[in-house]
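Novice: Take this structure first; my questions come after.
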Amino acid sequence: MPASSLTTAEISTQPECWQRAAELAAAEAGKLPVAGERVAVIGCGTSWFMAQSYAALREGGGQGETDAFAASEFPFGRAYDRVLAITRSGTTTEVLRACERLRGGARVTAVTADPDTPVLGAADDLVVLDFADERSVVQTRFATTVLALLRTHLGDDLTPAVADARKAIDDELPAGLTESEQFTFLGTGWTYGLAQEAALKMREAAGAWTESYPAMEYRHGPISITGPARAVWSFGPLPDGLADNVAAVGGRLEAHPSFDPLADLIRAQRLAVAIAEAKGFDPDQPRNLTRSVILR
């Protein structure tokens with residue numbers, strides 16, 4: 001995949017970043033949630049969607065009750081053993097405010113790309129993924145590397161995911177997909193967070209008309225938006241009958257159920273960049289966005 005933009009170059013490094021994160025997981029295990037802890041995971045934007053995926057994986061794996069919140073919506077009246085804060089820049093206002101309010105209560109672990117930022121003083125423990133930091137505004141490799149770290153910590157073997165990630169980078173995008181006028185991303189369980197993130201990438205980088213839903217909810221209204229020249233992208237195994245539903249209304253279905261869903265997210269990232277460039281947009285500098293939201 002030729003690096004036509006900074007974002008494209010960063011997308012292409014994800015297999016290496018995930019491998020490094022998998023190797024780092026054991027060394028950082030003492031800072032991450034342990035089995036039985038009641039855990040909340042917070043973040044903003046992309047980080048919040050990674051929090052959703054991790055929460056579903058951790059709780060589904062029997063590791064303990066795990067909730068995910070946008071940092072601005074954290075319920076301070078609830079009791080948690082640990083709060084995991086995901087923040088690429090370490091400067092996002094809502095994350096910092098939440099960490100500061102939690103001081104003296106639940107233990108806070110921050111996962112960040114830059115240790116020399118305010119989150120250093122707001123968290124009890126710090127996990128630094130500086131090798132996955134990014135110069136682009138739109139998050140790609142940092143977010144997926146965080147999830148790679150956390151999946152490894154939960155006991156997943158990331159080897160197949162890394163192999164699939166290399167394929168996702170090298171393979172051509174499906175012909176004609178960039179011409180679709182509307183996209184709906186679907187996920188089930190932990191992959192719903194990935195669907196949310198894929199939709200956000202399409203909005204941020206490409207300004208594309210994009211929606212996201214739990215896969216089983218698609219038939220409860222959202223299917224009404226699907227039709228010719230509109231695509232439905234499902235992460236992970238398809239619910240029974242969904243392919244027939246999409247075909248019946250004339251939509252285009254994209255699904256790779258044998259692919260690791262995190263690797264499939266790379267394909268969605270690439271699609272967002274391709275559509276942005278086709279529209280003449282700069283994917284490295286999307287309109288109305290900054291690398292970190294800092295409130296005054």
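Residue numbering restarts at 1 for every chain of the structure tokens, chains are lettered A, B, ... in their displayed order, and ligands are numbered from 1 as they appear.
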Can you tell me, as a list in words, what residues are no more than 6 Å from stretch 136-146 of chain A when counting only C-alpha atoms, ignoring any on the same chain fewer than 4 positions away?
Specialist: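 Everything that qualifies: Thr7, Ile11, Gln14, Trp18, Ala132, Asp284 and Arg291 of chain A.
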Novice: Find the residues around A:Thr8 up to 10 Å (only C-alpha atoms counted), leave out those fewer than 3 positions away in its own chain, and share them as a PyMOL selection string.
Specialist: chain A and resi 1-5+11-13+136+140+169+269-270+273-274+283-284
Novice: For A:Gly193, which of A:Gln52, A:Thr112, A:Thr46, A:Thr178 is the closest residue, counting only C-alpha atoms?
Specialist: A:Gln52
Novice: So that I can check the surroundings of A:Ser72, please list as a PyMOL selection string every protein, DNA and RNA residue that reaches within 9 Å of it, counting only C-alpha atoms and ignoring chain neighbours fewer than 5 positions away.
Specialist: chain A and resi 42-44+94-95+97-98
Novice: With only C-alpha atoms as the counted atoms, please give the residues lying no more than 8 Å from stretch 80-85 of chain A, apart from itself and same-chain residues fewer than 6 positions off, as a count of residues only.
Specialist: 17
Novice: Apply DSSP to the backbone of this structure and, from stretch 38-249 of chain A, keep only the residues in strand (DSSP E or B); write these as a PyMOL selection string.
Specialist: chain A and resi 39-43+66-70+82-87+107-112+125-128+182-187+210-214+230-234
Novice: Pull C-alpha atoms from the residues just selected and write them as a CSV table (one decimal), in the first residue's frame.
Specialist:
chain,number,residue,atom,x,y,z
A,39,VAL,CA,-13.4,-1.8,36.1
A,40,ALA,CA,-14.5,1.3,34.2
A,41,VAL,CA,-12.8,2.3,30.9
A,42,ILE,CA,-13.0,5.9,29.7
A,43,GLY,CA,-12.0,7.8,26.7
A,66,THR,CA,-16.5,-3.9,33.0
A,67,ASP,CA,-18.2,-0.7,31.9
A,68,ALA,CA,-17.2,1.8,29.2
A,69,PHE,CA,-18.0,5.5,29.3
A,70,ALA,CA,-17.3,8.7,27.4
A,82,ARG,CA,-9.9,0.5,38.8
A,83,VAL,CA,-10.5,3.1,36.0
A,84,LEU,CA,-8.6,2.6,32.8
A,85,ALA,CA,-8.2,5.9,30.9
A,86,ILE,CA,-7.3,5.8,27.2
A,87,THR,CA,-5.9,9.1,25.8
A,107,ARG,CA,-6.9,3.4,41.1
A,108,VAL,CA,-6.5,5.1,37.7
A,109,THR,CA,-4.3,3.6,34.9
A,110,ALA,CA,-3.8,5.8,31.9
A,111,VAL,CA,-2.8,4.4,28.5
A,112,THR,CA,-1.2,7.1,26.4
A,125,ASP,CA,-0.2,4.2,36.8
A,126,LEU,CA,0.9,5.0,33.2
A,127,VAL,CA,1.3,2.6,30.2
A,128,VAL,CA,3.1,4.4,27.4
A,182,GLN,CA,-23.8,5.8,2.2
A,183,PHE,CA,-22.2,3.3,4.6
A,184,THR,CA,-23.6,1.4,7.6
A,185,PHE,CA,-21.2,-0.4,9.9
A,186,LEU,CA,-22.4,-3.3,12.1
A,187,GLY,CA,-20.9,-5.3,14.9
A,210,THR,CA,-22.1,6.9,7.7
A,211,GLU,CA,-24.0,5.1,10.5
A,212,SER,CA,-23.2,2.3,12.9
A,213,TYR,CA,-25.4,-0.2,14.9
A,214,PRO,CA,-25.3,-3.5,16.7
A,230,ARG,CA,-25.3,2.0,-0.4
A,231,ALA,CA,-23.1,-0.4,1.6
A,232,VAL,CA,-23.4,-2.4,4.7
A,233,TRP,CA,-20.1,-3.5,6.4
A,234,SER,CA,-20.3,-6.2,9.1
Novice: Leaving out A:Glu181 and any residue of its chain fewer than 6 positions from it, which residues lie within 12 Å of it when counting only C-alpha atoms, given as a list in words?
Specialist: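 Skipping anything fewer than 6 positions along the chain leaves Met202, Ala206, Gly207, Ala208, Trp209, Thr210, Ile225, Thr226, Gly227, Pro228, Ala229, Arg230, Ala231, Val232, Gly251, Arg252 and Ile275 of chain A.
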Novice: Selection from above, C-alpha atoms, as a short mmCIF file (atom, residue, chain, number, x, y, z; two decimals), in the first residue's frame, can you write it?
Specialist:
data_model
loop_
_atom_site.label_atom_id
_atom_site.label_comp_id
_atom_site.auth_asym_id
_atom_site.auth_seq_id
_atom_site.Cartn_x
_atom_site.Cartn_y
_atom_site.Cartn_z
CA MET A 202 -15.43 7.74 7.58
CA ALA A 206 -13.97 11.59 4.31
CA GLY A 207 -17.01 13.53 5.49
CA ALA A 208 -19.02 10.47 4.41
CA TRP A 209 -22.65 9.71 5.28
CA THR A 210 -22.09 6.89 7.73
CA ILE A 225 -31.59 3.51 4.80
CA THR A 226 -30.03 0.69 2.76
CA GLY A 227 -30.53 0.39 -0.99
CA PRO A 228 -28.71 0.50 -4.31
CA ALA A 229 -25.35 2.33 -4.17
CA ARG A 230 -25.31 1.97 -0.38
CA ALA A 231 -23.06 -0.41 1.55
CA VAL A 232 -23.36 -2.43 4.74
CA GLY A 251 -27.62 -2.98 -0.70
CA ARG A 252 -24.00 -4.05 -1.03
CA ILE A 275 -12.79 8.33 -0.26
#
Novice: For atom CA of A:Gly60 and atom CA of A:Glu23, determine how far apart the two atoms are, in Å to one decimal place.
Specialist: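 For atom CA of A:Gly60 relative to atom CA of A:Glu23, the distance reads 23.5 Å.
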Novice: In Å to one decimal, how far is atom CA of A:Asp164 from atom CA of A:Lys31?
Specialist: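 For atom CA of A:Lys31 relative to atom CA of A:Asp164, the distance reads 28.6 Å.
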